[in-house]
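Data file: input_27.csv. Format and content: CSV, C-alpha atoms.
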chain,number,residue,atom,x,y,z
A,1,MET,CA,0.0,0.0,0.0
A,2,LYS,CA,1.2,3.5,-0.9
A,3,PRO,CA,-0.3,7.0,-0.7
A,4,LEU,CA,-2.2,8.4,-3.6
A,5,THR,CA,-2.4,12.0,-4.7
A,6,LEU,CA,-5.0,13.2,-7.2
A,7,LEU,CA,-5.5,16.6,-8.7
A,8,ILE,CA,-9.2,16.8,-9.8
A,9,LYS,CA,-10.7,19.3,-12.2
A,10,PRO,CA,-14.4,19.2,-11.3
A,11,ALA,CA,-15.3,22.1,-13.6
A,12,ALA,CA,-12.7,21.2,-16.3
A,13,GLY,CA,-11.5,24.4,-18.0
A,14,LEU,CA,-14.5,26.5,-17.1
A,15,CYS,CA,-13.6,29.8,-15.5
A,16,ASN,CA,-15.2,33.1,-14.5
A,17,MET,CA,-12.0,35.1,-15.1
A,18,LYS,CA,-9.9,35.9,-18.0
A,19,CYS,CA,-6.3,36.2,-16.7
A,20,ARG,CA,-4.0,37.5,-19.4
A,21,TYR,CA,-1.2,35.0,-18.7
A,22,CYS,CA,-3.4,31.9,-18.4
A,23,PHE,CA,-2.0,28.9,-20.3
A,24,TYR,CA,-4.9,26.6,-19.5
A,25,ARG,CA,-7.7,28.5,-21.3
A,26,SER,CA,-6.2,27.7,-24.7
A,27,ALA,CA,-5.3,24.2,-23.6
A,28,SER,CA,-8.9,23.5,-22.7
A,29,GLU,CA,-10.5,25.1,-25.8
A,30,GLY,CA,-12.3,22.6,-28.0
A,31,ARG,CA,-12.9,20.2,-25.2
A,32,GLU,CA,-16.2,19.3,-23.6
A,33,ASN,CA,-15.8,21.6,-20.6
A,34,ARG,CA,-18.5,20.6,-18.1
A,35,ILE,CA,-19.0,19.8,-14.4
A,36,MET,CA,-18.0,16.3,-13.2
A,37,THR,CA,-21.1,14.2,-12.9
A,38,ARG,CA,-22.0,12.2,-9.8
A,39,ASP,CA,-21.6,9.0,-11.8
A,40,THR,CA,-18.0,9.9,-12.5
A,41,VAL,CA,-17.4,10.8,-8.8
A,42,ASP,CA,-18.8,7.4,-7.8
A,43,LEU,CA,-16.6,5.6,-10.3
A,44,LEU,CA,-13.6,7.5,-9.2
A,45,ILE,CA,-14.2,6.7,-5.5
A,46,ARG,CA,-14.6,3.1,-6.4
A,47,LYS,CA,-11.3,3.0,-8.3
A,48,ILE,CA,-9.6,4.6,-5.4
A,49,ALA,CA,-11.0,2.0,-3.0
A,50,GLU,CA,-9.8,-0.8,-5.4
A,51,PHE,CA,-6.3,0.8,-5.5
A,52,ARG,CA,-6.2,0.6,-1.7
A,53,PRO,CA,-3.9,3.5,-0.9
A,54,SER,CA,-2.5,4.0,2.5
A,55,ALA,CA,-3.6,7.6,2.4
A,56,LEU,CA,-5.3,9.9,0.0
A,57,THR,CA,-4.6,13.6,-0.9
A,58,VAL,CA,-7.2,15.3,-3.1
A,59,MET,CA,-6.5,18.6,-4.7
A,60,PHE,CA,-9.2,20.5,-6.6
A,61,GLN,CA,-8.2,22.8,-9.4
A,62,GLY,CA,-9.5,24.3,-12.6
A,63,GLY,CA,-10.3,26.4,-14.5
A,64,GLU,CA,-12.2,27.6,-11.4
A,65,PRO,CA,-13.2,24.5,-9.3
A,66,LEU,CA,-15.8,26.4,-7.3
A,67,LEU,CA,-18.0,26.6,-10.4
A,68,ALA,CA,-18.8,23.0,-9.6
A,69,GLY,CA,-21.0,24.3,-6.7
A,70,ILE,CA,-21.2,23.4,-3.1
A,71,ASP,CA,-23.4,20.4,-3.7
A,72,TYR,CA,-20.6,18.8,-5.7
A,73,TYR,CA,-18.2,19.1,-2.8
A,74,ARG,CA,-20.7,17.8,-0.3
A,75,TYR,CA,-21.4,14.8,-2.5
A,76,PHE,CA,-17.7,14.1,-3.0
A,77,THR,CA,-16.7,14.3,0.6
A,78,ASP,CA,-19.8,12.2,1.7
A,79,ALA,CA,-18.8,9.6,-0.9
A,80,VAL,CA,-15.3,9.5,0.4
A,81,ASN,CA,-16.5,9.2,4.0
A,82,ASN,CA,-18.9,6.4,3.1
A,83,ASN,CA,-16.5,4.3,1.1
A,84,LEU,CA,-12.9,4.9,2.2
A,85,ARG,CA,-11.4,4.1,5.5
A,86,ILE,CA,-8.0,5.8,5.1
A,87,PRO,CA,-6.6,9.3,6.1
A,88,VAL,CA,-7.8,11.9,3.5
A,89,SER,CA,-6.6,15.5,3.2
A,90,TYR,CA,-8.1,18.1,0.9
A,91,ALA,CA,-6.8,21.2,-0.9
A,92,LEU,CA,-8.3,23.5,-3.4
A,93,GLN,CA,-7.0,26.3,-5.6
A,94,THR,CA,-9.4,29.1,-6.3
A,95,ASN,CA,-9.5,32.6,-7.8
A,96,GLY,CA,-11.6,33.5,-4.8
A,97,LEU,CA,-14.6,35.1,-6.6
A,98,LEU,CA,-17.2,32.5,-5.4
A,99,ILE,CA,-16.2,32.1,-1.8
A,100,ASP,CA,-19.0,32.9,0.6
A,101,ASP,CA,-20.0,31.9,4.1
A,102,VAL,CA,-21.5,28.6,3.0
A,103,PHE,CA,-18.3,27.5,1.1
A,104,ALA,CA,-16.1,28.8,3.9
A,105,ASP,CA,-18.0,26.9,6.6
A,106,PHE,CA,-17.8,23.7,4.5
A,107,PHE,CA,-14.0,24.2,4.0
A,108,ALA,CA,-13.5,24.7,7.7
A,109,GLU,CA,-15.6,21.6,8.6
A,110,HIS,CA,-13.6,19.4,6.2
A,111,LYS,CA,-10.2,21.0,7.0
A,112,PHE,CA,-9.5,22.1,3.4
A,113,LEU,CA,-6.3,24.0,2.7
A,114,LEU,CA,-7.1,26.7,0.1
A,115,GLY,CA,-4.8,28.4,-2.3
A,116,VAL,CA,-6.1,31.8,-3.2
A,117,SER,CA,-4.8,33.5,-6.3
A,118,LEU,CA,-3.7,37.1,-5.7
A,119,ASP,CA,-0.6,38.6,-7.5
A,120,GLY,CA,-0.1,41.5,-5.1
A,121,ASN,CA,-1.6,44.9,-4.4
A,122,ARG,CA,-4.4,46.4,-6.5
A,123,LYS,CA,-2.0,47.7,-9.2
A,124,THR,CA,-0.1,44.5,-9.6
A,125,ASN,CA,-3.1,42.2,-9.4
A,126,ASP,CA,-5.2,44.3,-11.9
A,127,ARG,CA,-2.5,44.1,-14.5
A,128,ASN,CA,-3.3,40.5,-15.4
A,129,ARG,CA,-6.0,39.1,-13.2
A,130,VAL,CA,-9.4,40.4,-14.5
A,131,ASP,CA,-12.9,39.0,-14.8
A,132,ASP,CA,-14.6,38.0,-18.1
A,133,SER,CA,-15.5,41.6,-18.7
A,134,GLY,CA,-12.0,42.9,-18.1
A,135,ASN,CA,-12.8,44.4,-14.7
A,136,SER,CA,-10.7,44.3,-11.5
A,137,VAL,CA,-11.3,41.5,-9.1
A,138,PHE,CA,-9.1,42.8,-6.3
A,139,ASP,CA,-11.8,43.9,-3.9
A,140,ARG,CA,-13.7,40.7,-4.3
A,141,VAL,CA,-10.7,38.6,-3.6
A,142,MET,CA,-9.9,40.6,-0.5
A,143,ASP,CA,-13.5,40.2,0.7
A,144,SER,CA,-13.0,36.4,0.2
A,145,VAL,CA,-9.9,36.5,2.3
A,146,ARG,CA,-11.9,38.1,5.1
A,147,ILE,CA,-14.5,35.4,4.9
A,148,LEU,CA,-12.0,32.7,5.1
A,149,ARG,CA,-10.4,34.2,8.2
A,150,LYS,CA,-13.8,34.6,9.8
A,151,HIS,CA,-14.4,30.9,9.4
A,152,ASN,CA,-10.8,29.9,10.4
A,153,VAL,CA,-10.1,28.3,7.0
A,154,ASP,CA,-6.4,27.6,6.4
A,155,PHE,CA,-5.2,29.2,3.2
A,156,ASN,CA,-2.2,30.5,1.4
A,157,ILE,CA,-1.6,33.0,-1.4
A,158,LEU,CA,-0.7,32.0,-5.0
A,159,SER,CA,1.1,34.8,-6.8
A,160,VAL,CA,2.3,34.5,-10.4
A,161,ILE,CA,5.5,36.3,-11.3
A,162,ASP,CA,6.2,37.7,-14.7
A,163,SER,CA,8.8,40.2,-15.9
A,164,GLU,CA,6.7,43.2,-14.8
A,165,SER,CA,5.7,41.9,-11.4
A,166,ALA,CA,9.3,40.9,-10.8
A,167,LYS,CA,10.1,44.6,-10.7
A,168,GLU,CA,7.6,45.1,-7.9
A,169,THR,CA,8.9,42.4,-5.5
A,170,GLU,CA,9.4,44.7,-2.6
A,171,SER,CA,6.0,46.3,-2.8
A,172,THR,CA,4.3,42.9,-3.3
A,173,PHE,CA,6.1,41.5,-0.3
A,174,GLU,CA,5.2,44.5,1.9
A,175,PHE,CA,1.6,44.3,0.7
A,176,PHE,CA,1.3,40.7,1.7
A,177,LYS,CA,3.0,41.3,5.0
A,178,ALA,CA,0.9,44.4,5.9
A,179,ASN,CA,-2.3,42.3,5.3
A,180,GLY,CA,-1.2,39.4,7.4
A,181,LEU,CA,-0.8,37.1,4.3
A,182,SER,CA,2.2,35.2,5.6
A,183,TYR,CA,2.0,32.0,3.6
A,184,ILE,CA,2.9,32.6,0.0
A,185,GLN,CA,3.6,30.5,-3.1
A,186,PHE,CA,5.3,32.5,-5.9
A,187,ILE,CA,4.7,30.8,-9.3
A,188,PRO,CA,6.8,31.6,-12.4
A,189,CYS,CA,4.8,32.6,-15.4
A,190,VAL,CA,4.4,29.6,-17.8
A,191,GLY,CA,5.6,30.3,-21.4
A,192,GLU,CA,4.3,33.4,-23.1
A,193,ASN,CA,0.7,34.4,-23.3
A,194,ASN,CA,-0.5,37.7,-24.7
A,195,GLY,CA,3.0,39.1,-24.6
A,196,ILE,CA,3.3,38.2,-20.9
A,197,SER,CA,6.3,36.1,-19.9
A,198,LEU,CA,9.1,35.8,-17.4
A,199,SER,CA,12.7,36.3,-18.5
A,200,ALA,CA,15.6,34.5,-16.7
A,201,GLU,CA,17.1,37.9,-15.8
A,202,ALA,CA,13.8,39.1,-14.3
A,203,TYR,CA,13.4,35.8,-12.4
A,204,GLU,CA,16.9,36.0,-11.0
A,205,SER,CA,16.2,39.5,-9.8
A,206,PHE,CA,13.0,38.4,-8.2
A,207,LEU,CA,14.6,35.3,-6.5
A,208,LYS,CA,17.4,37.5,-5.0
A,209,ASN,CA,15.2,40.3,-3.9
A,210,SER,CA,12.5,38.1,-2.4
A,211,PHE,CA,15.1,36.1,-0.5
A,212,ASP,CA,16.6,39.3,1.0
A,213,LEU,CA,13.2,40.4,2.2
A,214,TRP,CA,12.5,37.0,3.6
A,215,TYR,CA,15.8,36.7,5.3
A,216,ASP,CA,15.7,40.2,6.9
A,217,ASN,CA,12.3,39.4,8.3
A,218,TYR,CA,13.5,36.0,9.5
A,219,LYS,CA,16.4,37.5,11.4
A,220,ARG,CA,14.0,39.9,13.1
A,221,GLY,CA,11.9,37.0,14.2
A,222,GLU,CA,9.1,37.8,11.7
A,223,TYR,CA,8.7,34.6,9.8
A,224,ILE,CA,7.0,34.8,6.3
A,225,SER,CA,6.5,31.4,4.6
A,226,ILE,CA,7.6,31.5,1.0
A,227,ARG,CA,7.2,28.0,-0.4
A,228,HIS,CA,10.3,27.7,-2.6
A,229,ILE,CA,12.5,29.1,0.2
A,230,ASP,CA,10.9,26.8,2.8
A,231,ASN,CA,11.6,23.8,0.5
A,232,TYR,CA,15.3,24.8,-0.1
A,233,ILE,CA,15.8,25.1,3.7
A,234,GLY,CA,14.1,21.8,4.1
A,235,ILE,CA,16.4,20.1,1.6
A,236,LEU,CA,19.4,21.5,3.5
A,237,LEU,CA,17.9,19.9,6.7
A,238,GLY,CA,17.6,16.5,4.9
A,239,TYR,CA,13.9,16.6,4.0
A,240,PRO,CA,12.5,15.8,0.5
A,241,PRO,CA,10.8,18.8,-1.1
A,242,GLU,CA,7.0,18.7,-0.8
A,243,ASN,CA,6.7,20.8,-4.0
A,244,CYS,CA,6.7,18.4,-7.0
A,245,ALA,CA,8.3,21.0,-9.2
A,246,MET,CA,11.3,20.9,-7.0
A,247,CYS,CA,11.7,17.1,-6.9
A,248,GLY,CA,13.5,16.7,-10.2
A,249,ILE,CA,11.5,13.7,-11.2
A,250,CYS,CA,7.8,13.7,-12.2
A,251,GLY,CA,5.1,11.2,-11.3
A,252,SER,CA,4.0,12.3,-7.8
A,253,TYR,CA,0.3,12.6,-8.7
A,254,PHE,CA,-2.5,12.0,-11.3
A,255,VAL,CA,-4.8,14.6,-12.9
A,256,ILE,CA,-8.4,13.6,-13.2
A,257,GLU,CA,-10.4,15.7,-15.7
A,258,ALA,CA,-14.1,16.3,-15.3
A,259,ASN,CA,-14.9,13.6,-17.8
A,260,GLY,CA,-12.7,11.1,-16.0
A,261,ASP,CA,-9.7,11.2,-18.2
A,262,VAL,CA,-6.4,10.7,-16.5
A,263,TYR,CA,-3.2,12.7,-17.1
A,264,PRO,CA,0.3,12.7,-15.4
A,265,CYS,CA,0.5,16.4,-14.7
A,266,ASP,CA,-1.5,19.7,-14.8
A,267,PHE,CA,1.0,21.1,-17.4
A,268,TYR,CA,0.5,18.1,-19.6
A,269,CYS,CA,-3.2,17.7,-20.0
A,270,ALA,CA,-3.0,17.1,-23.7
A,271,GLU,CA,-4.2,14.1,-25.7
A,272,GLU,CA,-0.6,12.9,-26.4
A,273,TYR,CA,-0.1,12.6,-22.6
A,274,ARG,CA,-3.5,11.1,-21.8
A,275,LEU,CA,-2.9,8.0,-19.6
A,276,GLY,CA,-6.4,6.6,-19.8
A,277,SER,CA,-9.6,7.0,-17.9
A,278,VAL,CA,-11.1,6.2,-14.4
A,279,SER,CA,-13.2,3.7,-16.3
A,280,ASN,CA,-10.1,1.7,-17.0
A,281,GLU,CA,-9.5,-1.4,-14.8
A,282,LYS,CA,-6.5,0.1,-13.0
A,283,PRO,CA,-6.3,3.8,-13.7
A,284,PHE,CA,-3.7,4.5,-11.1
A,285,GLU,CA,-1.2,1.9,-12.1
A,286,SER,CA,1.7,3.1,-14.1
A,287,ASN,CA,1.6,2.2,-17.8
A,288,ASP,CA,4.2,2.6,-20.6
A,289,LYS,CA,3.1,6.1,-21.4
A,290,HIS,CA,3.3,7.1,-17.8
A,291,ARG,CA,6.8,5.6,-17.4
A,292,ALA,CA,7.9,7.4,-20.6
A,293,PHE,CA,6.7,10.7,-19.2
A,294,ILE,CA,8.6,10.1,-15.9
A,295,ASP,CA,11.7,9.1,-17.8
A,296,GLU,CA,11.7,12.4,-19.7
A,297,SER,CA,12.2,14.1,-16.4
A,298,ARG,CA,15.2,12.0,-15.6
A,299,ILE,CA,17.2,13.5,-18.5
A,300,ILE,CA,20.0,15.6,-17.0
A,301,HIS,CA,22.3,17.9,-18.9
A,302,SER,CA,26.1,17.5,-18.2
A,303,ASN,CA,26.1,21.1,-16.9
A,304,CYS,CA,23.5,20.0,-14.3
A,305,ARG,CA,25.6,17.0,-13.2
A,306,GLU,CA,28.6,19.1,-12.7
A,307,CYS,CA,26.7,21.9,-10.8
A,308,ARG,CA,27.3,22.1,-7.1
A,309,TYR,CA,23.7,23.2,-6.6
A,310,HIS,CA,22.0,20.4,-8.5
A,311,PHE,CA,21.0,18.8,-5.2
A,312,LEU,CA,18.9,22.0,-4.5
A,313,CYS,CA,17.7,22.7,-8.0
A,314,ARG,CA,17.3,19.1,-9.3
A,315,GLY,CA,16.7,20.5,-12.8
A,316,GLY,CA,13.5,22.3,-11.8
A,317,CYS,CA,10.0,21.7,-13.1
A,318,LYS,CA,9.8,19.7,-16.3
A,319,ALA,CA,7.5,22.3,-17.8
A,320,ASP,CA,10.3,24.8,-17.6
A,321,ARG,CA,12.8,22.6,-19.4
A,322,ILE,CA,14.2,23.0,-22.9
A,323,ASN,CA,16.5,21.1,-25.3
A,324,GLY,CA,14.8,17.7,-24.9
A,325,PHE,CA,14.0,18.4,-21.2
A,326,SER,CA,17.7,18.4,-20.3
A,327,GLU,CA,18.1,22.1,-19.4
A,328,ASN,CA,15.9,24.5,-17.4
A,329,ARG,CA,15.2,27.9,-19.0
A,330,PHE,CA,15.9,29.5,-15.7
A,331,CYS,CA,19.2,27.6,-15.1
A,332,LYS,CA,21.4,30.7,-15.0
A,333,ALA,CA,18.9,32.5,-12.7
A,334,TYR,CA,18.9,29.6,-10.3
A,335,ARG,CA,22.7,29.2,-10.3
A,336,ASN,CA,23.3,32.9,-9.6
A,337,PHE,CA,20.6,32.9,-7.0
A,338,PHE,CA,22.2,30.0,-5.1
A,339,GLU,CA,25.6,31.6,-5.3
A,340,TYR,CA,23.9,34.7,-3.8
A,341,SER,CA,21.9,33.1,-1.0
A,342,TYR,CA,23.4,29.7,-0.2
A,343,GLU,CA,25.5,30.6,2.8
A,344,ARG,CA,22.5,32.4,4.4
A,345,MET,CA,20.2,29.5,3.7
A,346,LEU,CA,22.7,27.1,5.1
A,347,SER,CA,23.1,29.2,8.3
A,348,THR,CA,19.3,29.3,8.6
A,349,ALA,CA,19.1,25.6,8.3
A,350,ARG,CA,21.7,25.1,10.9
A,351,SER,CA,19.9,27.4,13.3
A,352,LEU,CA,16.6,25.6,12.8
A,353,LYS,CA,18.3,22.2,13.2
In structure tokens, what does this structure look like?
Amino acid sequence: MKPLTLLIKPAAGLCNMKCRYCFYRSASEGRENRIMTRDTVDLLIRKIAEFRPSALTVMFQGGEPLLAGIDYYRYFTDAVNNNLRIPVSYALQTNGLLIDDVFADFFAEHKFLLGVSLDGNRKTNDRNRVDDSGNSVFDRVMDSVRILRKHNVDFNILSVIDSESAKETESTFEFFKANGLSYIQFIPCVGENNGISLSAEAYESFLKNSFDLWYDNYKRGEYISIRHIDNYIGILLGYPPENCAMCGICGSYFVIEANGDVYPCDFYCAEEYRLGSVSNEKPFESNDKHRAFIDESRIIHSNCRECRYHFLCRGGCKADRINGFSENRFCKAYRNFFEYSYERMLSTARSLK
């Protein structure tokens, strides 16, 4: 028996926003984007039970997963409780527009961990994160944050970094700190959409500046959790990274689309990577296509093998790799960042140990 982690897209690619850097909108165009049916939920739970995992982690994502409605989540958690006798943990990533007291009360009851997308202050957030009509969503997201706090729901902030927002690292950090948003995951912008992208130079600047801000606060006894920094410190303490993008090798979870299709990764929900369906006899057993996908992530450039920081970087996320998956497009940024911060990260790890 081994643990099983699933990333479920209950509303497929449906979304009530039109973020300018979104890579998934184009990826989901032409598909049958609909809400996952109860029959598919029942089949999925049955296949999980047959797999007999030692524990289950369920992450809901989109599109916008809350478009599935509160009844979907009530049905899903009831089905899990009635059919599985294993530890289950839930997480959900949302743009925050549909959070209300009913949803928040449910999340608190079932101990969901939420990731709320917010790129920074009003100016920074409004640049790319807008609704279907092109209007600001900043106030609505901040209202949702207040609702989650009122119901004592655990949540963190997901902030996408592009070349423009990388210039605003200090103001973004101070905005989050001033608003008590002390658990943050900064996400590099994927590819280029609508002229929005993240250069290696801009990412290097962001990594250095955000680390300086983090370290200065840490030394003052004011801890701000930044996910990638937490993971690097954890690696130096001997722990495996919990962020799959930092593991170096893929294959830590399965994506379940609303129609029941199974994929190996959220960045690779394309037909060529489709592993099968929950209707298959053993949808969570690795097959040839899955093994080939994982093997692609094992490809390591000679520069990586010789790099003193490979044990920290591990090649980075496969979605950021180029040249036959052997090199990361941010390689220089990571190397220069580690040169800049390594001794301080090491001293921090030693103090924590």
Calculate how many Å separate CA of Phe107 in chain A from CA of Leu181 in chain A, rounding to one decimal.
->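 Interatomic distance here is 18.5 Å.
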Show which residues sit within 9 Å of Phe51 in chain A, as a short mmCIF file (atom, residue, chain, number, x, y, z; two decimals) with C-alpha atoms, in the frame of the given file. Count only C-alpha atoms, and ignore same-chain residues fewer than 6 positions away.
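Listed below is the output, out_28.cif:
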data_model
loop_
_atom_site.label_atom_id
_atom_site.label_comp_id
_atom_site.auth_asym_id
_atom_site.auth_seq_id
_atom_site.Cartn_x
_atom_site.Cartn_y
_atom_site.Cartn_z
CA MET A 1 0.00 0.00 0.00
CA LEU A 4 -2.20 8.40 -3.60
CA LYS A 282 -6.50 0.10 -13.00
CA PRO A 283 -6.30 3.80 -13.70
CA PHE A 284 -3.70 4.50 -11.10
CA GLU A 285 -1.20 1.90 -12.10
#
Do you know which residues are at most 12 Å from Arg25 in chain A counting all atoms listed in the file, after dropping those on the same chain fewer than 6 positions away, and could you put them as a list in words?
-> Ala12, Gly13, Leu14, Cys15, Asn16, Met17, Lys18, Cys19, Arg31, Asn33, Gly62, Gly63, Glu64, Asn193 and Cys269 of chain A
Pick from A:Arg321, A:Val116, A:Ile224, A:Asp71: nearest to Val102 in chain A, with only C-alpha atoms counted?
->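 For Val102 in chain A, the nearest of the given residues is A:Asp71.
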For each of A:Arg344, A:Lys47, A:Lys2, A:Lys9, take the minimum atom-to-atom distance to Val278 in chain A, counting all atoms listed in the file, then give the residue where this is smallest.
-> A:Lys47
Within-10 Å shell of (-3.4, 5.4, -23.6) in input frame, all atoms listed in the file, as a PyMOL selection string | chain A and resi 262-263+271-277+287-290
Measuring atom to atom with only C-alpha atoms, identify which of A:Leu158, A:Ala319, A:Leu6, A:Cys331 is nearest to Cys304 in chain A.
->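 Of A:Leu158, A:Ala319, A:Leu6, A:Cys331, the one nearest Cys304 in chain A is A:Cys331, counting only C-alpha atoms.
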Using the atoms already present, construct all heavy atoms for range 164-172 of chain A and hand them back as a CSV table (one decimal), keeping the file's coordinate frame.
chain,number,residue,atom,x,y,z
A,164,GLU,N,7.2,41.9,-15.4
A,164,GLU,CA,6.7,43.2,-14.8
A,164,GLU,C,6.6,43.1,-13.3
A,164,GLU,O,7.1,43.9,-12.6
A,164,GLU,CB,5.4,43.6,-15.5
A,164,GLU,CG,5.6,44.1,-16.9
A,164,GLU,CD,6.5,45.3,-17.0
A,164,GLU,OE1,6.3,46.3,-16.2
A,164,GLU,OE2,7.4,45.3,-17.8
A,165,SER,N,5.9,42.1,-12.8
A,165,SER,CA,5.7,41.9,-11.4
A,165,SER,C,7.0,41.7,-10.7
A,165,SER,O,7.1,42.0,-9.5
A,165,SER,CB,4.7,40.9,-11.1
A,165,SER,OG,5.1,39.6,-11.5
A,166,ALA,N,8.0,41.1,-11.4
A,166,ALA,CA,9.3,40.9,-10.8
A,166,ALA,C,10.0,42.2,-10.4
A,166,ALA,O,10.8,42.2,-9.4
A,166,ALA,CB,10.2,40.1,-11.7
A,167,LYS,N,9.6,43.3,-11.0
A,167,LYS,CA,10.1,44.6,-10.7
A,167,LYS,C,9.5,45.2,-9.4
A,167,LYS,O,10.0,46.1,-8.9
A,167,LYS,CB,9.9,45.6,-11.9
A,167,LYS,CG,10.5,45.2,-13.2
A,167,LYS,CD,10.1,46.1,-14.3
A,167,LYS,CE,10.6,45.7,-15.7
A,167,LYS,NZ,10.1,46.6,-16.7
A,168,GLU,N,8.4,44.5,-9.0
A,168,GLU,CA,7.6,45.1,-7.9
A,168,GLU,C,7.7,44.1,-6.7
A,168,GLU,O,6.8,44.1,-5.8
A,168,GLU,CB,6.2,45.2,-8.3
A,168,GLU,CG,6.0,46.2,-9.5
A,168,GLU,CD,4.7,46.0,-10.2
A,168,GLU,OE1,4.0,45.0,-10.0
A,168,GLU,OE2,4.3,46.9,-11.0
A,169,THR,N,8.8,43.4,-6.6
A,169,THR,CA,8.9,42.4,-5.5
A,169,THR,C,8.8,43.0,-4.1
A,169,THR,O,8.1,42.4,-3.3
A,169,THR,CB,10.3,41.7,-5.6
A,169,THR,OG1,10.4,41.1,-6.9
A,169,THR,CG2,10.4,40.6,-4.6
A,170,GLU,N,9.4,44.1,-3.9
A,170,GLU,CA,9.4,44.7,-2.6
A,170,GLU,C,8.0,45.2,-2.2
A,170,GLU,O,7.5,44.9,-1.1
A,170,GLU,CB,10.4,45.9,-2.5
A,170,GLU,CG,10.4,46.5,-1.0
A,170,GLU,CD,11.5,47.5,-0.9
A,170,GLU,OE1,12.3,47.7,-1.8
A,170,GLU,OE2,11.6,48.0,0.2
A,171,SER,N,7.3,45.9,-3.1
A,171,SER,CA,6.0,46.3,-2.8
A,171,SER,C,5.0,45.2,-2.7
A,171,SER,O,4.1,45.2,-1.8
A,171,SER,CB,5.5,47.3,-3.9
A,171,SER,OG,5.4,46.7,-5.2
A,172,THR,N,5.2,44.1,-3.4
A,172,THR,CA,4.3,42.9,-3.3
A,172,THR,C,4.5,42.3,-2.0
A,172,THR,O,3.6,41.9,-1.3
A,172,THR,CB,4.6,41.9,-4.4
A,172,THR,OG1,4.3,42.5,-5.7
A,172,THR,CG2,3.8,40.7,-4.3
